[in-house]
Structure formats: structure tokens, C-alpha cells
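K.L.:
Just start-v3.csv, nothing more (CSV, C-alpha atoms and all ligand atoms):
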```csv
chain,number,residue,atom,x,y,z
X,1046,MET,CA,36.9,-0.8,-29.7
X,1047,ARG,CA,33.3,-2.0,-30.0
X,1048,SER,CA,32.2,-1.2,-26.4
X,1049,HIS,CA,32.7,2.5,-27.1
X,1050,ARG,CA,29.8,2.4,-29.4
X,1051,ILE,CA,27.6,0.1,-27.2
X,1052,ILE,CA,27.8,2.2,-24.0
X,1053,PRO,CA,26.4,5.4,-25.5
X,1054,LEU,CA,23.7,3.4,-27.2
X,1055,ALA,CA,22.7,1.8,-23.8
X,1056,LEU,CA,22.6,5.3,-22.2
X,1057,LEU,CA,20.4,6.5,-25.0
X,1058,CYS,CA,18.0,3.6,-24.5
X,1059,ALA,CA,17.9,4.3,-20.7
X,1060,THR,CA,17.0,7.9,-21.2
X,1061,ILE,CA,14.2,7.0,-23.5
X,1062,VAL,CA,12.8,4.2,-21.4
X,1063,LEU,CA,13.1,5.6,-17.9
X,1064,PRO,CA,10.6,8.5,-18.1
X,1065,TRP,CA,8.0,5.9,-19.0
X,1066,THR,CA,8.4,3.7,-15.9
X,1067,PRO,CA,5.0,3.9,-14.1
X,1068,ALA,CA,4.8,6.7,-11.5
X,1069,ARG,CA,3.6,4.2,-8.9
X,1070,ALA,CA,7.0,2.5,-8.7
X,1071,GLN,CA,8.6,5.8,-7.6
X,1072,SER,CA,5.9,7.1,-5.2
X,1073,PRO,CA,6.5,6.5,-1.5
X,1074,PRO,CA,4.7,3.5,0.1
X,1075,VAL,CA,1.1,4.2,1.3
X,1076,ALA,CA,1.0,4.7,5.1
X,1077,PRO,CA,-0.7,1.8,6.9
X,1078,VAL,CA,-3.4,4.0,8.4
X,1079,THR,CA,-4.3,5.3,4.9
X,1080,ALA,CA,-4.3,1.8,3.5
X,1081,GLY,CA,-6.4,0.6,6.4
X,1082,ALA,CA,-8.9,3.3,5.8
X,1083,ALA,CA,-9.4,2.0,2.3
X,1084,VAL,CA,-9.9,-1.6,3.6
X,1085,PHE,CA,-12.3,-0.2,6.1
X,1086,LYS,CA,-14.2,1.7,3.5
X,1087,GLU,CA,-14.5,-1.4,1.3
X,1088,HIS,CA,-15.4,-4.0,3.9
X,1089,CYS,CA,-16.8,-2.3,7.0
X,1090,SER,CA,-18.2,1.2,6.3
X,1091,ARG,CA,-21.4,-0.3,4.9
X,1092,CYS,CA,-22.4,-1.1,8.5
X,1093,HIS,CA,-19.9,0.9,10.7
X,1094,ASP,CA,-19.9,4.6,10.3
X,1095,ASP,CA,-17.4,5.9,7.8
X,1096,ASN,CA,-15.0,7.3,10.3
X,1097,ALA,CA,-16.4,4.7,12.8
X,1098,THR,CA,-16.9,7.1,15.6
X,1099,ARG,CA,-20.7,7.1,15.4
X,1100,GLN,CA,-23.1,4.3,15.8
X,1101,SER,CA,-24.9,3.2,12.6
X,1102,TYR,CA,-26.1,-0.3,11.7
X,1103,GLY,CA,-23.1,-1.5,13.7
X,1104,PRO,CA,-21.6,0.0,16.8
X,1105,SER,CA,-19.0,2.7,16.9
X,1106,LEU,CA,-15.5,1.3,16.7
X,1107,ALA,CA,-13.7,4.3,18.2
X,1108,GLY,CA,-11.3,3.1,20.8
X,1109,ILE,CA,-12.2,-0.5,20.1
X,1110,ILE,CA,-8.7,-1.9,20.6
X,1111,GLY,CA,-8.5,-3.0,24.3
X,1112,ARG,CA,-12.3,-2.5,24.8
X,1113,LYS,CA,-14.5,-5.1,26.3
X,1114,ALA,CA,-17.0,-6.5,23.7
X,1115,ALA,CA,-20.5,-5.2,23.5
X,1116,THR,CA,-19.9,-2.1,25.7
X,1117,GLN,CA,-20.8,0.7,23.3
X,1118,GLU,CA,-23.7,2.5,25.1
X,1119,GLY,CA,-27.1,2.4,23.5
X,1120,PHE,CA,-26.3,-0.2,20.9
X,1121,ALA,CA,-28.5,-3.3,20.7
X,1122,TYR,CA,-25.9,-6.1,20.7
X,1123,SER,CA,-26.8,-9.8,20.1
X,1124,ASP,CA,-26.9,-12.0,23.2
X,1125,ALA,CA,-24.0,-13.9,21.7
X,1126,LEU,CA,-21.7,-10.9,21.8
X,1127,LYS,CA,-23.0,-9.6,25.1
X,1128,SER,CA,-22.2,-12.9,26.8
X,1129,SER,CA,-19.0,-13.6,24.9
X,1130,GLY,CA,-16.6,-12.3,27.4
X,1131,LEU,CA,-14.4,-11.1,24.5
X,1132,VAL,CA,-11.9,-8.3,24.9
X,1133,TRP,CA,-10.9,-6.6,21.7
X,1134,THR,CA,-7.2,-7.3,21.8
X,1135,GLU,CA,-5.3,-7.2,18.4
X,1136,GLU,CA,-5.5,-11.0,18.3
X,1137,ALA,CA,-9.2,-11.0,18.9
X,1138,VAL,CA,-9.9,-8.4,16.3
X,1139,ARG,CA,-7.8,-10.4,13.8
X,1140,ALA,CA,-9.8,-13.5,14.5
X,1141,TRP,CA,-13.0,-11.5,14.3
X,1142,ILE,CA,-12.3,-10.0,10.9
X,1143,ALA,CA,-10.9,-13.3,9.6
X,1144,ASN,CA,-14.1,-15.2,10.5
X,1145,ASN,CA,-16.5,-13.5,12.9
X,1146,THR,CA,-19.4,-15.9,12.5
X,1147,GLY,CA,-17.0,-18.8,13.1
X,1148,LEU,CA,-15.5,-17.2,16.2
X,1149,LEU,CA,-18.9,-16.3,17.6
X,1150,PRO,CA,-21.9,-18.1,16.2
X,1151,GLY,CA,-25.1,-16.0,16.8
X,1152,THR,CA,-23.4,-12.7,16.2
X,1153,ARG,CA,-25.5,-10.1,14.3
X,1154,MET,CA,-22.6,-9.1,12.3
X,1155,ARG,CA,-22.6,-10.7,8.9
X,1156,HIS,CA,-19.6,-12.8,8.0
X,1157,VAL,CA,-16.5,-10.9,6.9
X,1158,GLY,CA,-13.4,-12.9,5.9
X,1159,ILE,CA,-10.3,-10.7,5.9
X,1160,THR,CA,-7.6,-13.4,6.2
X,1161,ASP,CA,-4.7,-11.6,4.4
X,1162,PRO,CA,-2.2,-10.6,7.2
X,1163,GLY,CA,-1.2,-7.5,5.4
X,1164,GLU,CA,-4.8,-6.3,5.1
X,1165,GLN,CA,-5.3,-7.2,8.8
X,1166,ASP,CA,-2.2,-5.1,9.7
X,1167,THR,CA,-3.4,-2.0,7.9
X,1168,LEU,CA,-7.0,-2.4,9.2
X,1169,LEU,CA,-5.6,-2.7,12.8
X,1170,ALA,CA,-3.5,0.4,12.2
X,1171,TYR,CA,-6.6,2.3,11.1
X,1172,LEU,CA,-8.8,1.0,14.0
X,1173,LYS,CA,-6.0,2.1,16.5
X,1174,SER,CA,-6.1,5.6,15.0
X,1175,LEU,CA,-9.8,6.0,15.8
X,1176,THR,CA,-10.5,8.0,18.9
X,1177,LYS,CA,-13.7,9.5,20.1
E,1201,LIG,C1,-23.1,-6.3,7.4
E,1201,LIG,C2,-22.8,-5.3,8.4
E,1201,LIG,C3,-21.4,-5.3,9.0
E,1201,LIG,C4,-20.2,-5.3,8.4
E,1201,LIG,C5,-20.0,-5.4,6.9
E,1201,LIG,C6,-19.2,-5.2,9.4
E,1201,LIG,N1,-19.8,-5.2,10.6
E,1201,LIG,FE1,-18.8,-5.2,12.4
E,1201,LIG,N2,-20.6,-5.3,13.4
E,1201,LIG,C7,-21.9,-5.3,12.8
E,1201,LIG,C8,-22.9,-5.5,13.8
E,1201,LIG,C9,-24.4,-5.6,13.6
E,1201,LIG,C10,-22.2,-5.7,15.0
E,1201,LIG,C11,-22.8,-6.1,16.4
E,1201,LIG,C12,-22.7,-7.6,16.4
E,1201,LIG,C13,-23.5,-8.3,17.5
E,1201,LIG,O1,-24.2,-7.6,18.3
E,1201,LIG,O2,-23.4,-9.5,17.5
E,1201,LIG,C14,-20.8,-5.5,14.7
E,1201,LIG,C15,-19.8,-5.6,15.7
E,1201,LIG,C16,-18.4,-5.4,15.5
E,1201,LIG,C17,-17.4,-5.4,16.5
E,1201,LIG,C18,-17.6,-5.6,18.0
E,1201,LIG,C19,-17.9,-4.2,18.6
E,1201,LIG,C20,-18.2,-4.1,20.1
E,1201,LIG,O3,-18.5,-3.1,20.5
E,1201,LIG,O4,-18.0,-5.1,20.7
E,1201,LIG,C21,-16.2,-5.2,15.8
E,1201,LIG,C22,-14.8,-5.1,16.5
E,1201,LIG,C23,-16.5,-5.0,14.4
E,1201,LIG,N3,-17.9,-5.2,14.2
E,1201,LIG,C24,-15.6,-4.8,13.4
E,1201,LIG,C25,-15.8,-4.8,12.1
E,1201,LIG,C26,-14.8,-4.6,11.1
E,1201,LIG,C27,-13.4,-4.3,11.3
E,1201,LIG,C28,-15.5,-4.8,9.9
E,1201,LIG,C29,-14.9,-4.7,8.5
E,1201,LIG,C30,-13.8,-5.7,8.2
E,1201,LIG,C31,-16.9,-5.0,10.1
E,1201,LIG,N4,-17.1,-5.0,11.5
E,1201,LIG,C32,-17.8,-5.2,9.1
E,1201,LIG,C33,-22.1,-5.1,11.5
E,1201,LIG,C34,-21.2,-5.2,10.4
```
Hey, can you dump this file as C-alpha cells for me?

P.N.:
Amino acid sequence: MRSHRIIPLALLCATIVLPWTPARAQSPPVAPVTAGAAVFKEHCSRCHDDNATRQSYGPSLAGIIGRKAATQEGFAYSDALKSSGLVWTEEAVRAWIANNTGLLPGTRMRHVGITDPGEQDTLLAYLKSLTK
């Protein structure tokens, strides 16, 4: 029978090919907070402190989710943000990182445009993990 010869050949191919599959495909998925930290580093850490718990060019973002806008003590906020009445719910933060200058003309924060929902999810997970 022909198939007797084909099956061992297929197995041989599999043992040769499998060890070469990229390691990435087998590693566990990256935790959202870790992925969010990378997004933060790339898009926010220039102006918000690296772990975002200290004030730098931008205010500290520790405990930001649920906080009223422009309430970090000692930070010189724009009038626009001070009088915005915004509360940083998840939805507000999503709208802010998608298009902050569109949401609030006059803000001192330069435009960022993180519109990818997956990136927003991980960034939110990271922001939630920040405590003082
Ligand atoms: C170019 C500098 C810069 C970048 C980049 C930047 N920010 Fe900001 N951010 C600021 C400044 C300045 C303010 C204060 C804005 C104001 O007073 O109008 C601010 C304010 C904020 C606030 C409101 C804080 C409060 O206390 O009400 C949030 C939330 C925020 N930024 C999140 C982010 C996130 C998340 C990123 C990355 C996606 C980011 N920012 C990127 C400079 C920046």
C-alpha cells in the first residue's frame, strides 16, 4: 500500500519543520498591562513621567481613572481643561487619547491619536494599574 510510505515521510517532514516555527507563536500572550506600558512608553512617557506617578511636563496620571480633570495639585493646567468639567471615566479617556485636541480645543496637551481599540484597551489597563 502506498500510504504506508507516505505517512512516515509526512512525520519526518513535521519533525524537521516544527522546531523552526517562530518562538513567538508558542509564547503566551502578553498581559494587557505589560502591552499598555509599552504603548504608554511610546506615546505618552515623553510628557508624562515614565511610571506616570510623578509630575513632569504633563501631570501625574496615577489614579487618573475616575478622577475629575485638572485636579493634580501643583500642576499648571490650561484654562480649557480646568473649566472642562470632564471626569476621567474610561469613555472620556478613550475619547481623549483618540483625539484630545478635538475633544477639548485649547488643551495644552499636544494631539495624540490612538484610535485602535486594542491599543486603547491595553493603555487603559495600564492606567488603571497606576496608583500613587
Ligand atoms: C506632548 C506632551 C504630551 C503627550 C505626548 C501626552 N500628554 Fe497627556 N498631557 C500633557 C499636558 C501638558 C497635559 C495638561 C493639559 C492641559 O492642561 O490642557 C496633559 C493632560 C493629560 C490628561 C488629563 C490629566 C488631568 O489631571 O486631568 C490625561 C488623562 C492625559 N494627559 C493622558 C495622556 C495619555 C494617556 C497620553 C499618551 C497616549 C498622553 N497624555 C500624551 C502632555 C502630553

K.L.:
Which residues of chain X come within 9 Å of ligand LIG 1201 (chain E), and for each one, what is the closest pair of atoms and their distance in Å to one decimal, counting only C-alpha atoms and all ligand atoms, sorted by chain and residue number, as a tab-separated table?

P.N.:
```
residue	atom	partner	partner_atom	distance
X:Val1084	CA	E:LIG1201	C30	7.3
X:Phe1085	CA	E:LIG1201	C29	5.7
X:Lys1086	CA	E:LIG1201	C29	8.2
X:Glu1087	CA	E:LIG1201	C29	7.9
X:His1088	CA	E:LIG1201	C29	4.7
X:Cys1089	CA	E:LIG1201	C29	3.4
X:Ser1090	CA	E:LIG1201	C5	6.9
X:Arg1091	CA	E:LIG1201	C5	5.7
X:Cys1092	CA	E:LIG1201	C2	4.2
X:His1093	CA	E:LIG1201	N1	6.1
X:Ser1101	CA	E:LIG1201	C33	8.8
X:Tyr1102	CA	E:LIG1201	C9	5.9
X:Gly1103	CA	E:LIG1201	C8	4.0
X:Pro1104	CA	E:LIG1201	O3	5.7
X:Ser1105	CA	E:LIG1201	O3	6.8
X:Leu1106	CA	E:LIG1201	C19	6.3
X:Ile1109	CA	E:LIG1201	C22	6.4
X:Ile1110	CA	E:LIG1201	C22	8.0
X:Arg1112	CA	E:LIG1201	O4	7.5
X:Lys1113	CA	E:LIG1201	O4	6.6
X:Ala1114	CA	E:LIG1201	O4	3.5
X:Ala1115	CA	E:LIG1201	O4	3.8
X:Thr1116	CA	E:LIG1201	O3	5.5
X:Gln1117	CA	E:LIG1201	O3	5.3
X:Glu1118	CA	E:LIG1201	O3	8.9
X:Phe1120	CA	E:LIG1201	O1	8.1
X:Ala1121	CA	E:LIG1201	O1	6.5
X:Tyr1122	CA	E:LIG1201	O1	3.3
X:Ser1123	CA	E:LIG1201	O1	3.9
X:Asp1124	CA	E:LIG1201	O1	7.1
X:Ala1125	CA	E:LIG1201	O2	6.1
X:Leu1126	CA	E:LIG1201	O2	4.8
X:Lys1127	CA	E:LIG1201	O1	7.2
X:Leu1131	CA	E:LIG1201	O4	8.0
X:Val1132	CA	E:LIG1201	O4	8.1
X:Trp1133	CA	E:LIG1201	C22	6.7
X:Ala1137	CA	E:LIG1201	C22	8.5
X:Val1138	CA	E:LIG1201	C22	5.9
X:Arg1139	CA	E:LIG1201	C27	8.6
X:Trp1141	CA	E:LIG1201	C22	7.0
X:Ile1142	CA	E:LIG1201	C30	5.3
X:Ala1143	CA	E:LIG1201	C30	8.3
X:Asn1145	CA	E:LIG1201	N3	8.5
X:Leu1149	CA	E:LIG1201	O2	8.2
X:Pro1150	CA	E:LIG1201	O2	8.8
X:Gly1151	CA	E:LIG1201	O2	6.8
X:Thr1152	CA	E:LIG1201	O2	3.5
X:Arg1153	CA	E:LIG1201	O2	3.9
X:Met1154	CA	E:LIG1201	C7	3.9
X:Arg1155	CA	E:LIG1201	C1	4.7
X:His1156	CA	E:LIG1201	C1	7.4
X:Val1157	CA	E:LIG1201	C30	6.0
X:Gly1158	CA	E:LIG1201	C30	7.6
X:Ile1159	CA	E:LIG1201	C30	6.5
X:Gln1165	CA	E:LIG1201	C30	8.7
X:Leu1168	CA	E:LIG1201	C27	7.0
X:Leu1169	CA	E:LIG1201	C27	8.1
X:Leu1172	CA	E:LIG1201	C27	7.5
```

K.L.:
For the atom pair atom CA of X:Gln1100 and atom CA of X:Ser1174, what is the interatomic distance in Å to one decimal place?

P.N.:
17.1 Å

K.L.:
X:Gly1147, X:Ala1082, X:Ser1128, X:Asp1166: which is nearest X:Ala1097, counting only C-alpha atoms?

P.N.:
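Between X:Gly1147, X:Ala1082, X:Ser1128, X:Asp1166, the residue approaching X:Ala1097 most closely is X:Ala1082.
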
K.L.:
How far is it from atom CA of X:Gly1119 to atom CA of X:Thr1167, in Å with one decimal?

P.N.:
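That distance, rounded to one decimal, is 28.7 Å.
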
K.L.:
Which one of X:Ala1083, X:Leu1148, X:Val1078, X:Ala1140 sits closest to X:Lys1173 if you count only C-alpha atoms?

P.N.:
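Among X:Ala1083, X:Leu1148, X:Val1078, X:Ala1140, it is X:Val1078 that comes nearest to X:Lys1173.
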
K.L.:
Can you measure atom CA of X:Thr1098 to atom CA of X:Pro1073 for me? One decimal in Å is fine.

P.N.:
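Taking atom CA of X:Thr1098 as the start and atom CA of X:Pro1073 as the end point, the length is 29.0 Å.
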
K.L.:
Given the choices X:Pro1074, X:Ala1107, X:Gly1130, X:Arg1099, which gets closest to X:Tyr1171 if the distance is worked out from only C-alpha atoms?

P.N.:
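Among X:Pro1074, X:Ala1107, X:Gly1130, X:Arg1099, it is X:Ala1107 that comes nearest to X:Tyr1171.
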
K.L.:
Please determine, counting all atoms listed in the file, which residue among X:Arg1050, X:Ala1170, X:Asp1161, X:Thr1176 has the shortest atom-to-atom distance to X:Thr1079.

P.N.:
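Using all atoms listed in the file, the shortest distance to X:Thr1079 belongs to X:Ala1170.
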